[in-house]
>>> print(open('protein34.txt').read())   # compact mmCIF, C-alpha atoms and all ligand atoms
# COMPACT_ATOMS: atom_id res chain seq x y z
CA MET A 1 20.02 80.00 -11.94
CA ALA A 2 23.75 80.10 -12.69
CA GLY A 3 24.78 80.43 -16.31
CA ILE A 4 21.80 82.54 -17.39
CA GLY A 5 22.95 84.57 -20.37
CA ILE A 6 26.56 83.47 -19.95
CA ASP A 7 27.61 81.17 -22.75
CA LEU A 8 31.22 79.98 -22.72
CA THR A 9 30.75 77.27 -25.34
CA GLY A 10 34.08 76.28 -26.85
CA LYS A 11 36.17 78.18 -24.30
CA LYS A 12 39.08 76.48 -22.60
CA ALA A 13 39.80 76.87 -18.89
CA LEU A 14 42.47 75.83 -16.43
CA VAL A 15 41.54 75.69 -12.74
CA THR A 16 44.49 75.15 -10.40
CA GLY A 17 43.49 73.18 -7.33
CA GLY A 18 40.40 72.25 -9.31
CA SER A 19 40.03 68.78 -7.83
CA ARG A 20 38.31 69.67 -4.56
CA GLY A 21 36.49 72.43 -2.68
CA ILE A 22 36.10 75.82 -4.29
CA GLY A 23 38.21 74.91 -7.33
CA ARG A 24 35.98 71.93 -8.09
CA ALA A 25 32.86 74.12 -7.93
CA ILE A 26 34.46 76.62 -10.31
CA ALA A 27 35.54 73.88 -12.74
CA ILE A 28 32.04 72.42 -12.83
CA ARG A 29 30.35 75.80 -13.19
CA LEU A 30 32.62 76.69 -16.14
CA ALA A 31 31.82 73.32 -17.74
CA GLU A 32 28.12 73.95 -17.22
CA ALA A 33 28.53 77.23 -19.10
CA GLY A 34 30.31 75.46 -21.98
CA CYS A 35 34.04 75.28 -21.18
CA ASP A 36 36.46 72.43 -21.61
CA VAL A 37 38.37 72.34 -18.34
CA ALA A 38 41.89 71.36 -17.28
CA ILE A 39 41.93 70.38 -13.62
CA ASN A 40 45.22 70.80 -11.81
CA TYR A 41 45.92 69.16 -8.46
CA LEU A 42 48.85 68.34 -6.21
CA ARG A 43 48.44 65.01 -4.40
CA SER A 44 45.11 63.20 -4.73
CA ARG A 45 44.20 61.82 -8.14
CA ALA A 46 40.75 60.42 -7.26
CA PRO A 47 39.07 63.77 -6.49
CA ALA A 48 40.56 65.23 -9.69
CA GLN A 49 39.08 62.36 -11.67
CA GLU A 50 35.71 62.89 -9.99
CA THR A 51 35.75 66.54 -11.00
CA ALA A 52 36.75 65.53 -14.53
CA LYS A 53 33.74 63.19 -14.68
CA ALA A 54 31.45 66.01 -13.56
CA VAL A 55 32.89 68.23 -16.32
CA GLU A 56 32.39 65.47 -18.91
CA ALA A 57 28.81 65.00 -17.73
CA TYR A 58 28.15 68.40 -19.32
CA GLY A 59 29.53 67.08 -22.61
CA ARG A 60 32.83 68.96 -22.22
CA LYS A 61 36.40 67.80 -22.45
CA ALA A 62 38.30 67.44 -19.19
CA LEU A 63 41.93 66.81 -18.48
CA THR A 64 43.65 66.35 -15.15
CA TYR A 65 47.20 67.44 -14.49
CA LYS A 66 49.22 66.82 -11.34
CA VAL A 67 51.81 69.49 -10.63
CA ASN A 68 52.80 71.71 -7.75
CA VAL A 69 52.03 75.21 -9.03
CA ALA A 70 55.03 76.50 -7.06
CA GLN A 71 57.44 74.37 -9.12
CA VAL A 72 58.07 76.82 -11.88
CA ASP A 73 60.27 74.46 -13.92
CA LYS A 74 57.42 71.92 -14.07
CA LEU A 75 54.72 74.26 -15.37
CA ASP A 76 55.82 74.03 -19.01
CA GLY A 77 54.52 70.45 -19.13
CA MET A 78 51.05 71.46 -17.99
CA PHE A 79 50.74 74.33 -20.47
CA ASP A 80 52.18 72.21 -23.32
CA THR A 81 49.51 69.59 -22.59
CA ILE A 82 46.77 72.23 -22.56
CA GLN A 83 48.02 73.60 -25.88
CA GLU A 84 48.09 70.09 -27.39
CA GLU A 85 44.70 68.99 -26.02
CA PHE A 86 42.77 72.27 -26.11
CA GLY A 87 44.66 74.34 -28.71
CA GLY A 88 44.85 77.39 -26.41
CA LEU A 89 43.45 78.84 -23.22
CA ASP A 90 40.75 81.42 -22.51
CA ILE A 91 40.43 81.29 -18.72
CA LEU A 92 42.95 80.72 -15.95
CA VAL A 93 41.62 80.38 -12.42
CA SER A 94 44.52 80.47 -9.98
CA ASN A 95 42.83 78.85 -7.03
CA ALA A 96 45.31 76.35 -5.54
CA ALA A 97 46.56 77.38 -2.14
CA SER A 98 48.37 76.00 0.83
CA GLY A 99 50.12 77.57 3.76
CA VAL A 100 51.32 77.25 7.28
CA ILE A 101 48.73 78.13 9.91
CA LYS A 102 50.72 79.28 12.94
CA PRO A 103 51.23 82.38 15.06
CA ALA A 104 53.65 84.82 13.41
CA MET A 105 56.11 84.32 16.27
CA GLU A 106 56.42 80.63 15.34
CA LEU A 107 56.82 81.04 11.59
CA THR A 108 60.14 80.07 10.01
CA ARG A 109 61.53 81.31 6.70
CA ARG A 110 60.71 77.87 5.31
CA HIS A 111 57.03 78.28 6.29
CA TRP A 112 57.04 81.76 4.77
CA HIS A 113 58.53 80.72 1.43
CA TRP A 114 56.31 77.63 1.15
CA THR A 115 53.22 79.77 1.62
CA MET A 116 54.35 82.67 -0.57
CA ASP A 117 55.53 80.42 -3.39
CA ILE A 118 52.25 78.51 -3.71
CA ASN A 119 49.80 81.30 -2.94
CA ALA A 120 51.40 84.36 -4.52
CA ALA A 121 54.43 83.66 -6.72
CA ALA A 122 52.64 80.87 -8.59
CA LEU A 123 50.20 83.39 -10.05
CA LEU A 124 53.08 85.22 -11.70
CA ASP A 125 54.40 82.05 -13.34
CA LEU A 126 50.93 80.83 -14.30
CA ALA A 127 50.02 84.20 -15.81
CA GLN A 128 53.26 84.31 -17.83
CA HIS A 129 52.50 80.89 -19.29
CA ALA A 130 48.76 81.41 -19.70
CA SER A 131 49.05 84.79 -21.43
CA LYS A 132 51.00 83.12 -24.25
CA LEU A 133 48.18 80.64 -24.83
CA MET A 134 45.71 83.53 -24.76
CA ALA A 135 47.64 85.49 -27.40
CA ASP A 136 45.02 85.36 -30.14
CA ARG A 137 41.91 85.59 -27.97
CA GLU A 138 40.21 87.52 -25.17
CA GLY A 139 41.50 86.06 -21.91
CA HIS A 140 40.53 85.98 -18.28
CA ILE A 141 42.71 85.43 -15.25
CA ILE A 142 41.03 85.07 -11.87
CA ALA A 143 42.88 84.59 -8.59
CA VAL A 144 41.14 83.28 -5.50
CA SER A 145 42.00 85.25 -2.39
CA SER A 146 40.73 85.50 1.16
CA LEU A 147 39.80 88.15 3.70
CA GLY A 148 43.11 87.53 5.48
CA ALA A 149 44.69 89.75 2.82
CA VAL A 150 43.23 92.79 4.51
CA ARG A 151 42.33 91.61 8.03
CA ALA A 152 44.33 90.15 10.90
CA ILE A 153 43.11 86.60 11.58
CA PRO A 154 44.68 84.45 14.33
CA ASN A 155 47.46 82.14 13.03
CA TYR A 156 46.97 83.48 9.48
CA ALA A 157 50.04 85.75 9.17
CA ALA A 158 51.78 83.80 6.40
CA VAL A 159 48.63 83.05 4.40
CA GLY A 160 47.22 86.56 4.92
CA ALA A 161 50.47 88.15 3.72
CA SER A 162 50.54 85.82 0.71
CA LYS A 163 46.98 86.78 -0.21
CA ALA A 164 47.83 90.48 0.14
CA ALA A 165 50.73 89.92 -2.27
CA LEU A 166 48.39 88.02 -4.57
CA GLU A 167 45.87 90.85 -4.69
CA SER A 168 48.60 93.39 -5.41
CA LEU A 169 49.96 91.17 -8.17
CA VAL A 170 46.46 90.97 -9.63
CA ARG A 171 46.38 94.76 -9.96
CA HIS A 172 49.81 94.90 -11.60
CA LEU A 173 49.06 92.04 -13.99
CA ALA A 174 45.73 93.64 -14.83
CA VAL A 175 47.42 96.83 -15.99
CA GLU A 176 50.05 94.99 -18.03
CA LEU A 177 47.66 92.54 -19.64
CA ALA A 178 44.59 94.71 -20.29
CA PRO A 179 46.04 96.05 -23.58
CA GLN A 180 46.33 92.41 -24.76
CA GLY A 181 42.64 91.85 -24.06
CA ILE A 182 43.24 89.83 -20.90
CA ARG A 183 41.23 90.86 -17.84
CA VAL A 184 42.74 89.99 -14.46
CA ASN A 185 40.69 90.06 -11.25
CA ALA A 186 40.49 88.38 -7.86
CA ILE A 187 37.67 86.94 -5.80
CA SER A 188 38.05 87.17 -2.04
CA ALA A 189 35.82 84.63 -0.36
CA GLY A 190 34.44 84.50 3.15
CA VAL A 191 34.84 81.32 5.21
CA VAL A 192 33.84 78.28 3.13
CA ASP A 193 33.55 74.86 4.76
CA THR A 194 36.10 72.89 2.73
CA ASP A 195 38.89 70.47 3.63
CA ALA A 196 41.18 73.49 3.98
CA LEU A 197 39.53 74.29 7.30
CA LYS A 198 40.72 71.00 8.77
CA HIS A 199 44.08 72.72 9.29
CA PHE A 200 42.50 75.17 11.70
CA SER A 201 42.41 73.96 15.32
CA ASN A 202 39.43 76.29 15.93
CA ARG A 203 37.49 75.09 12.84
CA THR A 204 34.11 74.66 14.59
CA GLN A 205 34.35 78.02 16.30
CA LEU A 206 35.38 79.66 13.00
CA LEU A 207 32.39 78.19 11.17
CA ASP A 208 29.88 79.04 13.92
CA GLU A 209 31.19 82.56 14.34
CA SER A 210 31.23 83.20 10.58
CA ALA A 211 27.70 81.94 10.09
CA ARG A 212 26.46 84.00 13.05
CA ARG A 213 28.17 87.22 11.92
CA THR A 214 27.26 87.00 8.23
CA PRO A 215 24.42 89.39 7.36
CA ALA A 216 23.26 87.06 4.56
CA GLY A 217 22.57 84.49 7.27
CA ARG A 218 24.79 81.62 6.15
CA LEU A 219 28.32 80.68 5.26
CA THR A 220 29.71 81.29 1.80
CA GLU A 221 29.44 78.13 -0.33
CA PRO A 222 31.80 76.97 -3.08
CA SER A 223 28.98 77.61 -5.58
CA ASP A 224 28.84 81.29 -4.51
CA VAL A 225 32.49 81.68 -5.48
CA ALA A 226 31.93 79.71 -8.68
CA ASP A 227 29.09 82.04 -9.69
CA ALA A 228 31.34 85.06 -9.11
CA ALA A 229 34.04 83.45 -11.28
CA LEU A 230 31.50 82.83 -14.03
CA PHE A 231 30.43 86.46 -13.85
CA LEU A 232 34.04 87.66 -14.15
CA THR A 233 34.58 85.59 -17.30
CA SER A 234 31.47 87.03 -18.89
CA PRO A 235 30.92 90.20 -20.92
CA LEU A 236 28.82 91.44 -17.98
CA ALA A 237 32.14 92.11 -16.21
CA ARG A 238 33.86 93.75 -19.19
CA MET A 239 34.93 96.82 -17.19
CA MET A 240 36.12 94.86 -14.14
CA VAL A 241 39.91 95.14 -14.33
CA GLY A 242 42.32 94.48 -11.46
CA GLN A 243 39.58 94.32 -8.84
CA THR A 244 39.15 92.09 -5.82
CA MET A 245 35.51 91.11 -5.60
CA VAL A 246 34.46 90.17 -2.06
CA VAL A 247 32.00 87.27 -1.89
CA ASP A 248 31.21 86.79 1.79
CA GLY A 249 27.53 87.56 2.39
CA GLY A 250 28.54 90.85 4.00
CA TYR A 251 30.73 89.32 6.72
CA SER A 252 33.62 91.71 6.19
CA ILE A 253 31.56 94.90 6.38
CA MET A 254 30.42 94.14 9.92
CA GLY A 255 31.95 96.29 12.65
N1 LIG B 1 37.93 77.50 2.46
C1 LIG B 1 37.86 78.76 2.80
O1 LIG B 1 37.32 79.15 3.85
C2 LIG B 1 38.44 79.81 1.89
C3 LIG B 1 38.11 81.15 2.13
C4 LIG B 1 38.63 82.13 1.30
C5 LIG B 1 39.46 81.79 0.26
N2 LIG B 1 39.78 80.48 0.05
C6 LIG B 1 40.68 80.20 -1.06
O2 LIG B 1 40.02 79.36 -1.98
C7 LIG B 1 40.99 78.56 -2.66
C8 LIG B 1 40.58 77.10 -2.58
O3 LIG B 1 40.47 76.75 -1.21
P1 LIG B 1 39.68 75.45 -0.73
O4 LIG B 1 39.18 75.76 0.63
O5 LIG B 1 38.76 75.00 -1.78
O6 LIG B 1 40.91 74.41 -0.58
P2 LIG B 1 40.92 72.81 -0.51
O7 LIG B 1 39.54 72.25 -0.38
O8 LIG B 1 41.91 72.49 0.54
O9 LIG B 1 41.48 72.38 -1.95
C9 LIG B 1 42.78 72.75 -2.30
C10 LIG B 1 43.02 72.38 -3.75
O10 LIG B 1 44.29 72.91 -4.14
C11 LIG B 1 45.15 71.85 -4.56
N3 LIG B 1 46.51 72.25 -4.21
C12 LIG B 1 47.00 72.56 -2.99
N4 LIG B 1 48.29 72.95 -3.10
C13 LIG B 1 48.61 72.86 -4.41
C14 LIG B 1 49.79 73.11 -5.16
N5 LIG B 1 50.90 73.53 -4.56
N6 LIG B 1 49.77 72.91 -6.50
C15 LIG B 1 48.65 72.46 -7.12
N7 LIG B 1 47.49 72.22 -6.46
C16 LIG B 1 47.48 72.41 -5.13
C17 LIG B 1 44.62 70.61 -3.87
O11 LIG B 1 45.03 69.44 -4.56
P3 LIG B 1 45.27 68.03 -3.75
O12 LIG B 1 43.95 67.65 -3.13
O13 LIG B 1 45.73 67.06 -4.79
O14 LIG B 1 46.32 68.32 -2.71
C18 LIG B 1 43.11 70.89 -3.99
O15 LIG B 1 42.66 70.63 -5.28
C19 LIG B 1 42.32 78.88 -2.01
O16 LIG B 1 42.99 79.86 -2.77
C20 LIG B 1 41.92 79.43 -0.66
O17 LIG B 1 42.90 80.29 -0.10
C21 LIG B 1 39.30 79.49 0.84
>>> encode(input="protein34.txt", output="structure tokens", more="lines below")
Ligand SMILES: NC(=O)c1ccc[n+]([C@@H]2O[C@H](COP(=O)([O-])OP(=O)(O)OC[C@H]3O[C@@H](n4cnc5c(N)ncnc54)[C@H](OP(=O)(O)O)[C@@H]3O)[C@@H](O)[C@H]2O)c1
Amino acid sequence: MAGIGIDLTGKKALVTGGSRGIGRAIAIRLAEAGCDVAINYLRSRAPAQETAKAVEAYGRKALTYKVNVAQVDKLDGMFDTIQEEFGGLDILVSNAASGVIKPAMELTRRHWHWTMDINAAALLDLAQHASKLMADREGHIIAVSSLGAVRAIPNYAAVGASKAALESLVRHLAVELAPQGIRVNAISAGVVDTDALKHFSNRTQLLDESARRTPAGRLTEPSDVADAALFLTSPLARMMVGQTMVVDGGYSIMG
């Protein structure tokens, strides 16, 4: 079903945190639609290589690049490599995230900065770099957010605040970059059963509760987020600018 009428042949994409989970699904979906894909990751090379293989299985070019997106002085290397290998960039998906899952009363400044730097500030640096590689083409920047940006979720204060900052940054970038032909949007996903949930002590309860309360009758899957990303990169979304698209099967509209 995915990819109908959306042809991204020849486009070049970078997916941060593209080795596993939601990022992997987005990388593969973009490859399926025709993109060459750069897959960024932080620690584990093997999953990044697996995603690269899946991209190549669609006949596309893949490259993997290990860098912490919060290390601003190290980002040049990644974008230089993309320029050398791909000759430019059409799509940036800022998906990598981390964060300290603790009650607000236990958060230190170190926890706060770690979370903010990776989840929010990195988008600013990535967008500054990416927009240069998008100079002569129509570009897309998509940030992956979560419902914690607008809702209070137990132990999610740092991550929720970082996602709220991310969504605000998306709106500001969207206004600045729209005149250059770059559309910036966010996707806010419902609970998705990825490795990220292993950091939650109440993982099982979170999954059961989310599935039970979701009007669509199931949890959000990585492929649901990937389809939304594909839509945002397509001409079908040409008037979507600075928006946060919620992909959660209706979970967040429940009273
Ligand atoms: N899972 C959910 O329920 C859910 C819900 C809503 C939104 N989201 C959002 O969706 C996005 C992806 O989440 P996920 O659940 O797919 O996560 P995940 O399965 O834990 O995967 C995280 C990915 O990000 C990479 N990464 C982590 N920190 C990084 C850093 N500092 N620099 C570069 N790469 C880094 C990891 O690489 P390594 O494996 O090498 O460390 C991995 O590829 C995040 O923005 C998350 O907030 C998730």
>>> residues_around(input="protein34.txt", residues="Val37 in chain A", least_positions_apart="5", cutoff="10 Å", atoms="all atoms listed in the file", output="ChimeraX atom specification")
/A:11-15,18,26-28,30-31,51-52,55-56,60-64,82,86,89,91-92
>>> closest_atom_pairs(input="protein34.txt", of="chain A", to="ligand LIG 1 (chain B)", cutoff="7 Å", atoms="all atoms listed in the file", output="JSON lines")
{"residue": "A:Thr16", "atom": "CA", "partner": "B:LIG1", "partner_atom": "N7", "distance": 5.8}
{"residue": "A:Gly17", "atom": "CA", "partner": "B:LIG1", "partner_atom": "O10", "distance": 3.3}
{"residue": "A:Gly18", "atom": "CA", "partner": "B:LIG1", "partner_atom": "O15", "distance": 4.9}
{"residue": "A:Ser19", "atom": "CA", "partner": "B:LIG1", "partner_atom": "O15", "distance": 4.1}
{"residue": "A:Arg20", "atom": "CA", "partner": "B:LIG1", "partner_atom": "O15", "distance": 4.5}
{"residue": "A:Gly21", "atom": "CA", "partner": "B:LIG1", "partner_atom": "O5", "distance": 3.5}
{"residue": "A:Ile22", "atom": "CA", "partner": "B:LIG1", "partner_atom": "O5", "distance": 3.7}
{"residue": "A:Gly23", "atom": "CA", "partner": "B:LIG1", "partner_atom": "O5", "distance": 5.6}
{"residue": "A:Asn40", "atom": "CA", "partner": "B:LIG1", "partner_atom": "N7", "distance": 6.0}
{"residue": "A:Tyr41", "atom": "CA", "partner": "B:LIG1", "partner_atom": "N7", "distance": 4.0}
{"residue": "A:Leu42", "atom": "CA", "partner": "B:LIG1", "partner_atom": "O13", "distance": 3.7}
{"residue": "A:Arg43", "atom": "CA", "partner": "B:LIG1", "partner_atom": "O13", "distance": 3.4}
{"residue": "A:Ser44", "atom": "CA", "partner": "B:LIG1", "partner_atom": "O13", "distance": 3.9}
{"residue": "A:Arg45", "atom": "CA", "partner": "B:LIG1", "partner_atom": "O13", "distance": 6.4}
{"residue": "A:Val67", "atom": "CA", "partner": "B:LIG1", "partner_atom": "C15", "distance": 5.6}
{"residue": "A:Asn68", "atom": "CA", "partner": "B:LIG1", "partner_atom": "N6", "distance": 3.5}
{"residue": "A:Val69", "atom": "CA", "partner": "B:LIG1", "partner_atom": "N6", "distance": 4.1}
{"residue": "A:Ala70", "atom": "CA", "partner": "B:LIG1", "partner_atom": "N5", "distance": 5.7}
{"residue": "A:Asn95", "atom": "CA", "partner": "B:LIG1", "partner_atom": "O16", "distance": 4.4}
{"residue": "A:Ala96", "atom": "CA", "partner": "B:LIG1", "partner_atom": "O10", "distance": 3.9}
{"residue": "A:Ala97", "atom": "CA", "partner": "B:LIG1", "partner_atom": "O16", "distance": 4.4}
{"residue": "A:Ser98", "atom": "CA", "partner": "B:LIG1", "partner_atom": "N4", "distance": 5.0}
{"residue": "A:Ile118", "atom": "CA", "partner": "B:LIG1", "partner_atom": "N5", "distance": 5.2}
{"residue": "A:Asn119", "atom": "CA", "partner": "B:LIG1", "partner_atom": "O16", "distance": 7.0}
{"residue": "A:Val144", "atom": "CA", "partner": "B:LIG1", "partner_atom": "O16", "distance": 4.8}
{"residue": "A:Ser145", "atom": "CA", "partner": "B:LIG1", "partner_atom": "C5", "distance": 5.0}
{"residue": "A:Ser146", "atom": "CA", "partner": "B:LIG1", "partner_atom": "C4", "distance": 4.0}
{"residue": "A:Leu147", "atom": "CA", "partner": "B:LIG1", "partner_atom": "C4", "distance": 6.6}
{"residue": "A:Ser188", "atom": "CA", "partner": "B:LIG1", "partner_atom": "C5", "distance": 6.0}
{"residue": "A:Ala189", "atom": "CA", "partner": "B:LIG1", "partner_atom": "C4", "distance": 4.1}
{"residue": "A:Gly190", "atom": "CA", "partner": "B:LIG1", "partner_atom": "C3", "distance": 5.1}
{"residue": "A:Val191", "atom": "CA", "partner": "B:LIG1", "partner_atom": "O1", "distance": 3.6}
{"residue": "A:Val192", "atom": "CA", "partner": "B:LIG1", "partner_atom": "O1", "distance": 3.7}
{"residue": "A:Asp193", "atom": "CA", "partner": "B:LIG1", "partner_atom": "N1", "distance": 5.6}
{"residue": "A:Thr194", "atom": "CA", "partner": "B:LIG1", "partner_atom": "O7", "distance": 4.7}
{"residue": "A:Asp195", "atom": "CA", "partner": "B:LIG1", "partner_atom": "O7", "distance": 4.4}
{"residue": "A:Ala196", "atom": "CA", "partner": "B:LIG1", "partner_atom": "O8", "distance": 3.7}
{"residue": "A:Leu197", "atom": "CA", "partner": "B:LIG1", "partner_atom": "N1", "distance": 6.0}
>>> residues_near_point(input="protein34.txt", point="(42.6, 84.0, -9.0)", cutoff="9 Å", atoms="only C-alpha atoms", output="MDAnalysis selection string")
chainID A and resid 92:96 123 141:145 166:167 170 184:188 229
>>> atom_distance(input="protein34.txt", atom1="CA of Asp117 in chain A", atom2="CA of Lys74 in chain A")
13.8 Å
>>> closest_residue(input="protein34.txt", among="A:Thr108, A:Ser210, A:Thr233, A:Gln128", to="Val72 in chain A", atoms="only C-alpha atoms")
A:Gln128
>>> closest_residue(input="protein34.txt", among="A:Met245, A:Ile182, A:Ile253, A:Leu232", to="Pro215 in chain A", atoms="all atoms listed in the file")
A:Ile253
>>> residues_around(input="protein34.txt", residues="Gly99 in chain A", least_positions_apart="4", cutoff="9 Å", atoms="only C-alpha atoms", output="list of chain:residue names")
A:His111, A:Trp112, A:Trp114, A:Thr115, A:Met116, A:Ile118, A:Asn119, A:Tyr156, A:Ala158, A:Val159, A:Ser162
>>> write_last_selection(input="protein34.txt", atoms="C-alpha atoms", output="compact mmCIF listing (two decimals), in the frame of the given file")
# COMPACT_ATOMS: atom_id res chain seq x y z
CA HIS A 111 57.03 78.28 6.29
CA TRP A 112 57.04 81.76 4.77
CA TRP A 114 56.31 77.63 1.15
CA THR A 115 53.22 79.77 1.62
CA MET A 116 54.35 82.67 -0.57
CA ILE A 118 52.25 78.51 -3.71
CA ASN A 119 49.80 81.30 -2.94
CA TYR A 156 46.97 83.48 9.48
CA ALA A 158 51.78 83.80 6.40
CA VAL A 159 48.63 83.05 4.40
CA SER A 162 50.54 85.82 0.71
>>> atom_distance(input="protein34.txt", atom1="CA of Arg137 in chain A", atom2="CA of Asp90 in chain A")
7.0 Å
>>> atom_distance(input="protein34.txt", atom1="CA of Gly249 in chain A", atom2="CA of Gln205 in chain A")
18.2 Å
>>> residues_around(input="protein34.txt", residues="Arg151 in chain A", least_positions_apart="3", cutoff="9 Å", atoms="all atoms listed in the file", output="PyMOL selection string")
chain A and resi 147-148+160+252
>>> write_last_selection(input="protein34.txt", atoms="C-alpha atoms", output="mmCIF file, keeping the file's coordinate frame")
data_model
loop_
_atom_site.group_PDB
_atom_site.id
_atom_site.type_symbol
_atom_site.label_atom_id
_atom_site.label_comp_id
_atom_site.auth_asym_id
_atom_site.auth_seq_id
_atom_site.Cartn_x
_atom_site.Cartn_y
_atom_site.Cartn_z
ATOM 1 C CA LEU A 147 39.800 88.150 3.700
ATOM 2 C CA GLY A 148 43.110 87.530 5.480
ATOM 3 C CA GLY A 160 47.220 86.560 4.920
ATOM 4 C CA SER A 252 33.620 91.710 6.190
#
>>> closest_residue(input="protein34.txt", among="A:Glu209, A:Leu107, A:Leu75, A:Gly10", to="Gly59 in chain A", atoms="all atoms listed in the file")
A:Gly10
>>> closest_residue(input="protein34.txt", among="A:Thr9, A:Thr220, A:Gln83, A:Ser131", to="Tyr58 in chain A", atoms="only C-alpha atoms")
A:Thr9
>>> closest_residue(input="protein34.txt", among="A:Leu124, A:Ser201, A:Leu236, A:Val241", to="Ala178 in chain A", atoms="all atoms listed in the file")
A:Val241
>>> closest_residue(input="protein34.txt", among="A:Lys198, A:Gly88, A:Gln243, A:Phe231", to="His172 in chain A", atoms="all atoms listed in the file")
A:Gln243
>>> axis_aligned_box(input="protein34.txt", around="range 8-19 of chain A", padding_each_side="8 Å", output="lines of an AutoDock Vina configuration file")
center_x = 37.6
center_y = 74.4
center_z = -17.1
size_x = 29.7
size_y = 27.2
size_z = 35.5
